[in-house]
Number of protein chains: 4
Amino acid sequence: MKRYSDPSESLSERFARVRSGSKAIAAPLSPEDCLVQPALFASPAAWHLGHTTWFFEQFILSDLVGYQRYNPDWDVLFNSYYESLGERVARDRRGLQSRPGLNRILDFRTYVDTALIDALEHHRFSESQLQLLELGLNHEEQHQELMWYDLKYLLGAQALTEPYARNCHIDQFEAGPSGWIECAEGIAEIGFSGEGFTYDNESPRHRQYLPAGQLSTSLVSNQDYLEFIDAGGYRDPLLWHSEGWAWRQRESIEHPLYWRPAGAEGWQQYRLSGVGDWSASEAVSGISWFEAAAFCRWAGWDLPAEGVWESAVRKAPDALNTGQLWEFTGSAYLPYPGYRAASDAAGEYNGKFMVNQMVLKGASRATPPGHSRPSYRNFYAPEMRWMFAGIRPFRYRTEP
Amino acid sequence: MKRYSDPSESLSERFARVRSGSKAIAAPLSPEDCLVQPALFASPAAWHLGHTTWFFEQFILSDLVGYQRYNPDWDVLFNSYYESLGERVARDRRGLQSRPGLNRILDFRTYVDTALIDALEHHRFSESQLQLLELGLNHEEQHQELMWYDLKYLLGAQALTEPYARNCHIDQFEAGPSGWIECAEGIAEIGFSGEGFTYDNESPRHRQYLPAGQLSTSLVSNQDYLEFIDAGGYRDPLLWHSEGWAWRQRESIEHPLYWRPAGAEGWQQYRLSGVGDWSASEAVSGISWFEAAAFCRWAGWDLPAEGVWESAVRKAPDALNTGQLWEFTGSAYLPYPGYRAASDAAGEYNGKFMVNQMVLKGASRATPPGHSRPSYRNFYAPEMRWMFAGIRPFRYRTEP
Amino acid sequence: MKRYSDPSESLSERFARVRSGSKAIAAPLSPEDCLVQPALFASPAAWHLGHTTWFFEQFILSDLVGYQRYNPDWDVLFNSYYESLGERVARDRRGLQSRPGLNRILDFRTYVDTALIDALEHHRFSESQLQLLELGLNHEEQHQELMWYDLKYLLGAQALTEPYARNCHIDQFEAGPSGWIECAEGIAEIGFSGEGFTYDNESPRHRQYLPAGQLSTSLVSNQDYLEFIDAGGYRDPLLWHSEGWAWRQRESIEHPLYWRPAGAEGWQQYRLSGVGDWSASEAVSGISWFEAAAFCRWAGWDLPAEGVWESAVRKAPDALNTGQLWEFTGSAYLPYPGYRAASDAAGEYNGKFMVNQMVLKGASRATPPGHSRPSYRNFYAPEMRWMFAGIRPFRYRTEP
Amino acid sequence: MKRYSDPSESLSERFARVRSGSKAIAAPLSPEDCLVQPALFASPAAWHLGHTTWFFEQFILSDLVGYQRYNPDWDVLFNSYYESLGERVARDRRGLQSRPGLNRILDFRTYVDTALIDALEHHRFSESQLQLLELGLNHEEQHQELMWYDLKYLLGAQALTEPYARNCHIDQFEAGPSGWIECAEGIAEIGFSGEGFTYDNESPRHRQYLPAGQLSTSLVSNQDYLEFIDAGGYRDPLLWHSEGWAWRQRESIEHPLYWRPAGAEGWQQYRLSGVGDWSASEAVSGISWFEAAAFCRWAGWDLPAEGVWESAVRKAPDALNTGQLWEFTGSAYLPYPGYRAASDAAGEYNGKFMVNQMVLKGASRATPPGHSRPSYRNFYAPEMRWMFAGIRPFRYRTEP
C-alpha cells in the first residue's frame, strides 16, 4: 500500500475535508432517516458515520500512547466485518440499534477528529500508521459513496416518497457520445503501478493476453434499455443466466430499480431530487449484472473483460467519458496471480470477498474526486442493483 | 357498546387526559427509539402515536362537516389492520418508515386533538359518534399498554442496554400473599352487564357451567419458577405441548424473556429501570402461555378457565390481588354463544382474531386505571411473551 | 381406558382383521407410491404400515419374555412423536427413507402379527397389556383413515394424475336431507360414559351449559359452497379470521382442495376414482376450518359447539345422517375439566396436542366401522384441509 | 460441436453400450432408492433414467418421420431445465413423482432405444442429427456420473446406512506420488482443438498469458486435510472467504461430507462399499470449493488457474495422475472470449450457468472412459460438495 500525496493540502486539511464530507451527505436527513436500514445490503447513515469513525479509532488512535477510547462498548456496534476484532451486531440488525443515536455518534466523530488532528500535529506517525491513515481516508470515501446509494434507496422505499434535495443532481448520469474505439489483441500489463494509494486487490501487477474488439464510447441509455424491455427482454428466459432468471422471477423484477410505471404515459424516474420525468438520454442505472448481461445478449454485445477496460482507458483516457457510473465487466472478482491478503485485520479488507462477485471499473458521479484510477477494482454480487452502475458494451472481433 | 361516564371529568377533559398519557409514555425516548421496530409483534412508539390519532380522524373527525384531513397520504401508514379501509404498509415494515418522523407525528396529534376538542364544544355528537369516541379512547388506552411492552422489549434488545428511567417501577410485579380460595361448581352468568364501556367480545352475557376447584390468591413467583427451571422444566418434552416444545427448541427458550444469566451468581433481571438484581419474590413475567402450561403441568396444577376466573373475581374482588399482570387462562379465545361482529370497520376490532389465541384476564400495572373489568377478555397467541402476563394456578377438585 | 368387546369375534380374529385392513388400503399402490411424502402433514403409506407395527412391538411385544425385536435399528424410523422413546427421523424426512422399503416393511408386519397372535394364544395378557392392545388397534384404525387422506393427496399432487381405483367411492360424500332440529338450552353431561374403548381426551365426563339453537340435518353441499364462491367469498377479508385471510392469501386458496377449474364449463372434481364430473349435491369437503368459518359467516350461520353436537346426536342419533364427513365445530381442542394425561408414553397420545386445534365430531366414510362414538373428539389445526371434513351449520336462537 | 468416432465400435454399438451403462449403475437399487431426492441438488436415479431417454426422444426421434412419442404427458416430468421447451415439474419436486415409477421408465428406455437403433439402421441421419446424437451420448455420460454422486449421497443420508455394493471401489481415490512440476510463464493456446466431440464452453480456442509456478503432482490426501482440521482450520474465519465462512456456520460444516466422527478413535469413512476405516493416504474428497480455498490459504498454496492446469496437462500428460477426482481451480466459470451460445434449445446446455460457479478440470473415477479431455470445463457452485472433487495445489513463483 502506498500513500497519496498532494502538496497543496496538508494531511490534517485532507483529513478534515474527507471527514466533513460524510457529515455533509447526512446533513439533510433526520435522525430517523439516519437510523433506518431498508434492506440487508444497505446500512443506516448513522452507522456509516459511526463505523468510519471507529475505523480511525480502532486502527490508529488506539495504538497511540495516552489515547482514551471514547466508549469501548460501542465496538460491537461499529465493527463491520472484521472477524479478528471480536463480536459485532449482526448486519441485519444495524437498523434496530436506536442507541447511541445520531447526536451521540456525531459527538463521537468530533472526539475522534479532534484527537486525530491533535495527534497529527504532536505525534510522529510511523510509515505503517500513515498507511493505515491513508487506508482510513480511502475507506471513508468508499462509505461516502455507499451513503449515497443507501440513502437514495431508503428514501425511495418509503411509503411517503420525499426528495433528498430538490437541487441534487448527483444521480443524473450522462450516457455520453456514441461511438466505438478499437481494442487491439495482445499482451498488456494490468494492475496498479506508480505512486499513491492503492488497494491490495489491484496487485500484483501482471500480464494478461487481451482479445481484440471494440469498446463503446457511450453507456447504454434509458432509451436503449427501454427497447430491450419493449422487446420482451424481461420475459424471455433464453436471454438470461439461469440464476439470473430465477432471481428475476423470485423478485418480480421488470424494470430498473428507480423507474416507476406511470400508466399510459410510460415511465417516471425517482431521483434524489424527487419523482420526475423519465429521461431517454440518461445512462441506464439501477440494474444488476444479471440485467446487464441479459441486455447485452439481446443486443448481440458483451461486457468487456476488466483487463480490456483497464487497457483501453489507459490508452485513451478521455475517449470513454468515464466517471458517470461504475461499469459492469464480464470478469469475476478473483485475486490477481500471486495475490496474498495481509495477515492482520486490514487483510480482511478485500480478499475474503473474492468469490461470487463481478468486477466493476471506473467511477460514478458519487465517487469522491481522486478516489478512483484505472486499476481500481470495484465489485458487487450479480443481483445487486442499488449501486450506481451502468453498461458499456464491448464487441469481440469475429474472424473473417 | 355502552359508554363510560364519570361526573367528575368532562368528556373534553377525559379526552385530553388520555391523549396526553400516550405522549408522556414516549417522552423519555429519542426520535430513533420511537422509530425502531425490534420484532414483528412490536410496533414503533411513533407508530402508536400516529395510529391512535388516525383512529380519531378516520372514525370521527372525517365525518364532521368542514373537517380538513391532516394528510390523507398518511392513511397508508397508520391504518393498522382494517381491511375495509384500504391499502396499508405491511406490519413488518413499520420500522422502515422514517417519514414523517416523530416531530411531524406530534404535530398531527396536536392538530387532531385541537379539532376534536373544538368539535366537542361546538358540534352536537350523535350517540354513535359518542360511542366511536368512547371506542377511540379505549383503543388508545390499549395502545398505551402496548407501548410499554414494546419499548421495554426495544430497549432490552439493544446492543447497548440503557434504562428507560431509573425510577420507573411499572414492571415490578407483586406476587401477592399465598393462599387458595374455593370455587364452587355450578351455573354462572358470564360476560358483560351493567353500565359503561365494553368491547363486543364480552357479550352476549350467557350461562356457563363451572367446575369446582381452588384458585390461588397469589401469582407464581420468580422463586417458584426458578424451581421449575432447576428441576429441568425446559428440558423435559413431556411437560410441554407438542407445538410449545417445537417453539422452545426453535427459539432456544430457556428462561423468562427478561431474565439474564449472570454466571455463577445466578440471574439478573432487565427492567425499565435498568439491569439489576433478580428478585425471588416478584411475580414471574416474560413467559408465554406455552411456558405457563408447562409450569402448571410440572407443578400438578392447571390454568383456570376464563369463566372460573371471572366468577371468582366477582365473588371476591379483593381476595385475588389482581392488577399486577394479565393472567393466563386455559380458555381459547372464541366468540361467546350468539356473538356477531359488527358489519362496519369497527367490526374488525375483535372478532377476526378469534382463533389460535388464548384468553387472559385481569390487568397489569401498565393497564390504564379504569380500563379493565371482570368481563374483559384480553388475548394473545400461545408463543407471545413480551406482554406483561403471569400465572395464577387453579386446582380442580378431584372426586374422593 | 376401557376395552371394546364383541362376542362374535375373538381378539385374535379382530387383530388379524384390523391388521389386514391396512395392507388392503395400500394394495393398489406401487412401492414408489408408498414412499412419497407429498407434504409435511402427510406420511408415506409404507411409513404408516411400519409405524403401526412398531406400536405393537414397542408397547406390547417388547415386554413379553422371549420376544426378539425384529430390528431395533428401525425404532428411529417408526417412532412418530414419542419424545420419551428416543430419537427419531424428523417428520419432514419420512419420504427420504428408501430403506428398508415396502417389501421389508411388509415382512416386519408379518413377523409382528405372527408373534402377537401367537402371544394371544399362549400368553396370559394382563389388563394393562390388553388395554395397550386395544389402544394399538384403535391407533391402527386411525392410521387407516390417515392413509386414505394421504394417498388421495399424494395421487392428486402427481404431475400424472392417475386414479387409485376406478370403482372406489369412499370419497363421495352425501350431504343428506335438508332440515333443522331443535337444540334446547340447559345442562348436559358431556364426555364418555359406559363400556368399551375410549381415548383419554373424552374424559372426564362433566357438565356443560348448552345454548339454544338449531342444528342442520344436512351438510353443506358443493352447490351451497359454490354460491359462496360465486358471491366472492374468497375475495372478501371481512368474512375471514385475520389469520385465515393471511393463510388464504399466502397459499392462494380459491376453492376446495380437490375441485379443479374446468374452463367455461365450471368445475371438475378429483376423486380416488379419477378426475370426473363436479357434483352439486355431494357434501363439500377438502376445506379448512378457516374456510368453514368464512362460509358460515357469509351464510349467517355458526359452527356448533362440540357439546351441542354431542348432545344432539345422543338425543336424535338418526336425524343427523352422520358418518359421511368429520364435522367442524366452533370448539377449540382443550382438555376437559380435571383432565390429566397419563404419565407414560401413552400419555403423549392426545394431551400434548391440546392447543391451536379445533374439534371435529362424527366420522367420515373412511373411518373404520365401530371406530367412532358421540364422545369422540377428533382435532385438526384450522388450516388443514386434506382430511375428510365438512360443514354442518348451527343457528343460535336469537331472543325475541 | 464435432463428433467422436472410434473405428472399433459402430455408432449403434456405442449407443447401446452407453445406454446400458446407466441401467447398470441403477441395478443394485430398489424402486424406492430410485425415487428419493435427498436434496435439492440431487436427482432421483429414476429421473436420470427418464430424463436421458427424453433427451434422445425430444432432440432426435421426435423429428423423425413416423416416430410415435411414447407419452407426451411425460415431457413435464423429464425436461430438466430447457425453458424453451415448455413447463416442467419444479426441480425440488422430482422426488415426489411416484408415477410413472421405475418399471414404466425402464419400458420407456427400451422403447426409445429400440426406435433409435432401428433409426440408425434404416434412416439416414443428417450431420446435425448426428451431432445431437453425439451430444445425447455425452449428456448421458454426464448423468451417469451424477447418478454416482446422487446415489452415494442418498444412501449416506438414510437413517439406515446400507452399502451400495460391498465390492464397489469407485469412490476410493488415490492421491498419487508427491512432487511438483514447473509451469513456465507465457502465452498458451487454451480451449478445444482437433477432432472429436466437444462442448461449446471449451471454445473459442484463444490465447491466455499464464503465470509462472509449480503444480503438485499429487492431490491433497486425507492426512493432509486432517492436519488442517486439527490445526483449527474450521474455526478460523481468517482462512475463509466471507461467504464461505457464513456457509460453514449456517450448515455446521466441520469435516468432509463423508467423514464420520468415530469417538476417540478418530474418524470413519462412508463409501459406497459401506462405512469403514478412514484412510490417511486416500485423496480427500467431499469438500466444497470454499473448503479447498481455506485449506490452500492455510497451507500457503493456491488453486491453479484453469489455463495453467490445461497447459500443464497438455505438456506432461502422465505426470499429474489425473482421473481420480475432478480438481478445483481458482477460475470462475465464464465464457471464453467471443463465446456465443447456440440459439436453439441446445444453447441452454452450458452458457446460462456461467455465473457464480468455479471451473473444475480433469475427471473422476466415476467419469465414463473417454468422456474427458484437457479442454473439458466442469463447473460447480462454491458450496457444492457431493461431487467427486479434490485439491491439486499450485504455488506461484515469487520474484526474488
# chains A, B, ... in the order shown; residues from 1 in each chain; ligands from 1
>>> residues_around(residues="Phe379 in chain B", least_positions_apart="2", cutoff="9 Å", atoms="only C-alpha atoms", output="list in words")
Phe328, Ala332, Tyr333, Phe353, Met354, Gln357, Met358, Val359, Leu360, Lys361, Arg377 and Ala381 of chain B
>>> interface_residues(of="chain C", to="chain B", cutoff="6 Å", atoms="only C-alpha atoms", output="PyMOL selection string")
chain C and resi 208-209+241-242+338+352-353+356+396
>>> select_by_dssp(residues="range 181-375 of chain A", states="alpha helix (DSSP H)", output="ChimeraX atom specification")
/A:222-230,242-251,289-299,306-315
>>> residues_around(residues="Tyr70 in chain A", least_positions_apart="3", cutoff="9 Å", atoms="only C-alpha atoms", output="VMD selection string")
chain A and resid 57 74 108 111 to 112
>>> residues_around(residues="range 170-175 of chain A", least_positions_apart="4", cutoff="6 Å", atoms="only C-alpha atoms", output="list in words")
Ser218, Leu219, Ser221, Glu282, Ala283, Gln324 and Arg365 of chain A
>>> residues_around(residues="range 17-31 of chain C", least_positions_apart="5", cutoff="7 Å", atoms="only C-alpha atoms", output="MDAnalysis selection string")
(chainID C and resid 45 49 102 137 144 164) or (chainID D and resid 31:32)
>>> select_by_dssp(residues="range 81-322 of chain B", states="strand (DSSP E)", output="number ranges by chain")
B: 180-183, 186-190, 206-210, 213-216, 259-261, 267-271, 274-277
>>> closest_residue(among="C:Ala319, C:Leu257, C:Leu155, C:Ala119", to="Met387 in chain C", atoms="only C-alpha atoms")
C:Leu257
>>> residues_around(residues="range 308-317 of chain A", least_positions_apart="6", cutoff="9 Å", atoms="only C-alpha atoms", output="ChimeraX atom specification")
/A:181-183,188-191,210-212,215,329,361-362,374-376
>>> residues_around(residues="Ser216 in chain B", least_positions_apart="2", cutoff="7 Å", atoms="only C-alpha atoms", output="list of chain:residue names")
B:Gly179, B:Trp180, B:Ile181, B:Gln214, B:Ser218, B:Arg392, B:Pro393, B:Phe394
>>> closest_residue(among="C:Gly390, C:Gly136, C:Gly194, C:Pro72", to="Arg373 in chain C", atoms="only C-alpha atoms")
C:Gly194
>>> closest_residue(among="A:Ser273, A:Val76, A:Ser12, A:Ala262", to="Arg88 in chain A", atoms="only C-alpha atoms")
A:Val76
>>> atom_distance(atom1="CA of Arg91 in chain A", atom2="CA of Glu251 in chain A")
21.4 Å
>>> closest_residue(among="C:Asp224, C:Glu254, C:Asp277, C:Asp318", to="Ala299 in chain C", atoms="only C-alpha atoms")
C:Asp224
>>> atom_distance(atom1="CA of Asp230 in chain D", atom2="CA of Leu272 in chain D")
26.4 Å
